[in-house]
Structures are given as C-alpha cells and as structure tokens.
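Following: one structure in structure tokens, then a few remarks.
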Amino acid sequence: MQLFLKEVPFEGCGGLELREEIQVTIAAQACMLLLKMPYPRYGRVRRVLVYPSAFVPKTQHSYRSNQLVSPDEPLTGQAWPSGVVVLGWEEVKDGALASNDGHNVVFHEFAHMLDAEDGRFDGTPVLDSAASYHAWVTQWSAEFAEHERRVEANESTVLDPYGATNRAEFFAVAAEAFFETPAALRSTQPRLYTLLAEFFKLDPALLLHGMDPKSAA
C-alpha cells in the first residue's frame, strides 16, 4: 500500500476533496489483489480519478465495436487502456463495507488493470509460464462459454451476469467473486476457482474457513 500510494497519483474530480481516507481505502482494496503476488504488478496504472459517486463519462470503450461510444447510464468505475482508473467514492465505500456480496468496484477495475498488463483487455493476464498460458486459454475459454450459456438461459450463477459481456469483463467479475464469495465460487465452479487461485497465489476460501470459529470444532 505504501508503494502504491507513493507511485500512483490520485485526483479528486467533480468537486470531490481528495482526503487521505479516500486514497487509503482505495489502495487497501487494490492491493488486496496483490496480497501474495510479486510487486510491482500495476505497472500500467498511471492515475486514479475519484468522483463523489457514480459518474457519467463523456465516452467509454465499446468492446463490441472497439470504438469510443457515449455511455447510456452513470458508471461506478472505469479502467482506461491509457492506464487511468476512474472510481465513484460512494461506491468504493459501499464495496469496502459489504465485503461478501460479490461486488466490489475497486476489485473489478483493478482486475482490468492486471488483465491489461500485456497491453490488452482480453481476459488473459500476464502468467508465469507457457504451460500456464495453455491451461488458462483452454480452461478459461470453457468457463467463459459456460457462463455465457447460464446467463442466456437465465440460470443463477455466483458470478455477475455482466461477466458474459466479454472475456475482459468475465475476468473482472470472476476476480470480484473470488475475493468476495470464494466459498460459493469454489463450490459451484471449482475449475474457475483453481485457475484464479493459481494466478493470485491465494486461496481465500481456505483463509476464511480458517478464521471461522466453527471450523475448529
């Protein structure tokens, strides 16, 4: 967190007074993703812009057309290919307080930045080896296809249905579920959970089980 706060500039927007509380809260959640990973991993992050709440950007990137388009509604967060992360402070606070609802805008947007370390938002982050890439591409593709099928069939899923938009969003919502509802994700989608555990070098379901007093019985 100290390195993150030293290296990444923050800027208050829309009249927001940038306070230490805001910077520390965002940094804590962003660095949660890196808890067991070698630092630095946010080499493409150039700046964090923080609005008071959900904001309406002038444009947003369309993965379907690969062009900039006008947004239809306010956003809680954005990750730009240029390395800028945009967040709504109210939504950041909500995500920090509700730590097990499967939604966290900081996790989501900074997962995009991990995905973009190779220069592309494509759902494939920088991995450790060629073998890891092979496993990721084959298994990740199957998990994404299954999520698309479930969403199209209106079946319930631990992952946010928004993850069916494209592979980049699938990675971001999967990261949210991995850190927010790990036991449910491991139970329902064990192969996806294993891929994420290998990437983040962390097993949050095991950690949470170890903190549960009932687990000692």
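Ordered as shown in the structure tokens, chains take letters A, B, and onward, while each chain numbers its residues from 1 and ligands are numbered from 1 in the order shown.
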
Rows by chain and residue number, segment 73-117 of chain A within 10 Å of segment 164-182 of chain A, shortest pair, only C-alpha atoms, as CSV:
residue,atom,partner,partner_atom,distance
A:Gly95,CA,A:Glu180,CA,9.7
A:Ala98,CA,A:Glu180,CA,8.9
A:Ser99,CA,A:Glu180,CA,5.9
A:Asn100,CA,A:Glu180,CA,4.6
A:Asp101,CA,A:Glu180,CA,6.4
A:Gly102,CA,A:Ala177,CA,4.9
A:His103,CA,A:Glu176,CA,5.9
A:Asn104,CA,A:Glu176,CA,6.1
A:Val105,CA,A:Glu176,CA,8.3
A:Val106,CA,A:Glu176,CA,8.9
A:Phe107,CA,A:Glu176,CA,5.8
A:His108,CA,A:Ala172,CA,4.8
A:Glu109,CA,A:Ala172,CA,7.1
A:Phe110,CA,A:Ala172,CA,8.1
A:Ala111,CA,A:Ala172,CA,5.2
A:His112,CA,A:Ala172,CA,5.9
A:Met113,CA,A:Ala172,CA,9.4
A:Leu114,CA,A:Ala172,CA,9.4
A:Asp115,CA,A:Ala168,CA,7.3
A:Ala116,CA,A:Ala168,CA,9.1

How about saving the chosen residues, N, CA and C atoms kept, as a PDB file, in the first residue's frame?
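The result, stored in selection11.pdb:
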ATOM      1  N   GLY A  95     -18.482  -0.863  -1.343  1.00  0.00           N
ATOM      2  CA  GLY A  95     -17.769  -2.109  -1.586  1.00  0.00           C
ATOM      3  C   GLY A  95     -16.899  -2.521  -0.420  1.00  0.00           C
ATOM      4  N   ALA A  98     -19.501  -3.745   2.427  1.00  0.00           N
ATOM      5  CA  ALA A  98     -20.174  -5.008   2.091  1.00  0.00           C
ATOM      6  C   ALA A  98     -19.141  -5.929   1.456  1.00  0.00           C
ATOM      7  N   SER A  99     -18.447  -6.679   2.279  1.00  0.00           N
ATOM      8  CA  SER A  99     -17.278  -7.424   1.804  1.00  0.00           C
ATOM      9  C   SER A  99     -17.602  -8.823   1.310  1.00  0.00           C
ATOM     10  N   ASN A 100     -18.875  -9.206   1.304  1.00  0.00           N
ATOM     11  CA  ASN A 100     -19.202 -10.575   0.886  1.00  0.00           C
ATOM     12  C   ASN A 100     -20.444 -10.644   0.001  1.00  0.00           C
ATOM     13  N   ASP A 101     -20.692  -9.563  -0.759  1.00  0.00           N
ATOM     14  CA  ASP A 101     -21.857  -9.576  -1.647  1.00  0.00           C
ATOM     15  C   ASP A 101     -21.484  -9.853  -3.099  1.00  0.00           C
ATOM     16  N   GLY A 102     -20.207 -10.104  -3.366  1.00  0.00           N
ATOM     17  CA  GLY A 102     -19.783 -10.432  -4.722  1.00  0.00           C
ATOM     18  C   GLY A 102     -19.530  -9.247  -5.613  1.00  0.00           C
ATOM     19  N   HIS A 103     -19.663  -8.023  -5.069  1.00  0.00           N
ATOM     20  CA  HIS A 103     -19.473  -6.819  -5.872  1.00  0.00           C
ATOM     21  C   HIS A 103     -18.500  -5.872  -5.178  1.00  0.00           C
ATOM     22  N   ASN A 104     -17.501  -5.446  -5.924  1.00  0.00           N
ATOM     23  CA  ASN A 104     -16.527  -4.502  -5.398  1.00  0.00           C
ATOM     24  C   ASN A 104     -15.910  -3.768  -6.579  1.00  0.00           C
ATOM     25  N   VAL A 105     -16.212  -2.482  -6.695  1.00  0.00           N
ATOM     26  CA  VAL A 105     -15.794  -1.738  -7.874  1.00  0.00           C
ATOM     27  C   VAL A 105     -14.278  -1.598  -7.961  1.00  0.00           C
ATOM     28  N   VAL A 106     -13.595  -1.521  -6.821  1.00  0.00           N
ATOM     29  CA  VAL A 106     -12.128  -1.416  -6.854  1.00  0.00           C
ATOM     30  C   VAL A 106     -11.528  -2.737  -7.339  1.00  0.00           C
ATOM     31  N   PHE A 107     -11.996  -3.865  -6.793  1.00  0.00           N
ATOM     32  CA  PHE A 107     -11.522  -5.161  -7.284  1.00  0.00           C
ATOM     33  C   PHE A 107     -11.741  -5.263  -8.786  1.00  0.00           C
ATOM     34  N   HIS A 108     -12.931  -4.869  -9.230  1.00  0.00           N
ATOM     35  CA  HIS A 108     -13.306  -5.007 -10.633  1.00  0.00           C
ATOM     36  C   HIS A 108     -12.374  -4.204 -11.543  1.00  0.00           C
ATOM     37  N   GLU A 109     -12.213  -2.929 -11.247  1.00  0.00           N
ATOM     38  CA  GLU A 109     -11.426  -2.078 -12.140  1.00  0.00           C
ATOM     39  C   GLU A 109      -9.935  -2.396 -12.082  1.00  0.00           C
ATOM     40  N   PHE A 110      -9.432  -2.756 -10.915  1.00  0.00           N
ATOM     41  CA  PHE A 110      -8.007  -3.091 -10.848  1.00  0.00           C
ATOM     42  C   PHE A 110      -7.727  -4.489 -11.384  1.00  0.00           C
ATOM     43  N   ALA A 111      -8.735  -5.351 -11.397  1.00  0.00           N
ATOM     44  CA  ALA A 111      -8.584  -6.618 -12.115  1.00  0.00           C
ATOM     45  C   ALA A 111      -8.416  -6.344 -13.606  1.00  0.00           C
ATOM     46  N   HIS A 112      -9.140  -5.358 -14.120  1.00  0.00           N
ATOM     47  CA  HIS A 112      -8.941  -4.947 -15.515  1.00  0.00           C
ATOM     48  C   HIS A 112      -7.498  -4.514 -15.753  1.00  0.00           C
ATOM     49  N   MET A 113      -6.918  -3.801 -14.791  1.00  0.00           N
ATOM     50  CA  MET A 113      -5.548  -3.333 -14.976  1.00  0.00           C
ATOM     51  C   MET A 113      -4.540  -4.484 -14.920  1.00  0.00           C
ATOM     52  N   LEU A 114      -4.829  -5.514 -14.141  1.00  0.00           N
ATOM     53  CA  LEU A 114      -3.984  -6.713 -14.174  1.00  0.00           C
ATOM     54  C   LEU A 114      -4.122  -7.408 -15.522  1.00  0.00           C
ATOM     55  N   ASP A 115      -5.341  -7.466 -16.022  1.00  0.00           N
ATOM     56  CA  ASP A 115      -5.597  -8.057 -17.328  1.00  0.00           C
ATOM     57  C   ASP A 115      -4.832  -7.310 -18.422  1.00  0.00           C
ATOM     58  N   ALA A 116      -4.714  -5.986 -18.272  1.00  0.00           N
ATOM     59  CA  ALA A 116      -4.121  -5.144 -19.311  1.00  0.00           C
ATOM     60  C   ALA A 116      -2.602  -5.055 -19.243  1.00  0.00           C
TER      61      ALA A 116
END

Practice task
Please return as a PyMOL selection string: the residues of chain A that backbone DSSP assigns to strand (DSSP E).
Solution key: chain A and resi 10-12+47-51+60-62+67-69+77-79+84-88

Per residue of segment 64-117 of chain A within 10 Å of segment 6-10 of chain A, record the nearest atom pair and its distance in Å to one decimal, counting only C-alpha atoms, with rows in chain order and ascending residue number, as a tab-separated table.
residue	atom	partner	partner_atom	distance
A:Val84	CA	A:Pro9	CA	10.0
A:Val85	CA	A:Phe10	CA	9.6
A:Val86	CA	A:Phe10	CA	9.9

Cys13 of chain A environment, 9 Å, only C-alpha atoms, sequence neighbours closer than 4 positions dropped, as a PDB file with C-alpha atoms, in the first residue's frame:
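Result file is around14.pdb:
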ATOM      1  CA  GLU A  17     -11.995  16.948  -1.921  1.00  0.00           C
ATOM      2  CA  LEU A  18      -9.284  14.303  -2.056  1.00  0.00           C
ATOM      3  CA  LEU A  49      -9.543   9.680 -10.681  1.00  0.00           C
ATOM      4  CA  VAL A  50     -12.185   9.730  -7.935  1.00  0.00           C
ATOM      5  CA  TYR A  51     -15.667  11.249  -8.266  1.00  0.00           C
ATOM      6  CA  PRO A  52     -18.066  11.769  -5.334  1.00  0.00           C
TER       7      PRO A  52
END

Problem - A:Thr25, A:Met37, A:Ala142, A:Arg44 ranked by distance to Asp128 of chain A, top pick (using only C-alpha atoms) - result: A:Met37

Handout entry: Atomic separation - atom CA of Ser82 of chain A relative to atom CA of Ala54 of chain A, Å
Key =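 Atom CA of Ser82 of chain A lies 20.7 Å from atom CA of Ala54 of chain A.
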
Handout entry: Sel. of helix (DSSP H, G or I) residues, segment 16-211 of chain A, as a ChimeraX atom specification
Key = /A:20-32,89-97,105-118,130-152,161-164,167-180,182-188,190-200,204-211

Exercise for the section: Can you work out which one of A:Arg150, A:Phe4, A:Asp94, A:Ala183 has the shortest atom-to-atom distance to Gln23 of chain A, counting only C-alpha atoms? Expected result: A:Phe4

Practice task
May I ask which of the residues A:Val48, A:Ala130, A:Ala145, A:Leu185 is the closest one to Gly77 of chain A, counting only C-alpha atoms?
Solution key: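 With only C-alpha atoms as the atom set, the closest residue is A:Val48.
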
Problem - Separation of atom CA of Leu195 of chain A from atom CA of Trp136 of chain A in Å - result: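 Taking atom CA of Trp136 of chain A as the start and atom CA of Leu195 of chain A as the end point, the length is 7.1 Å.
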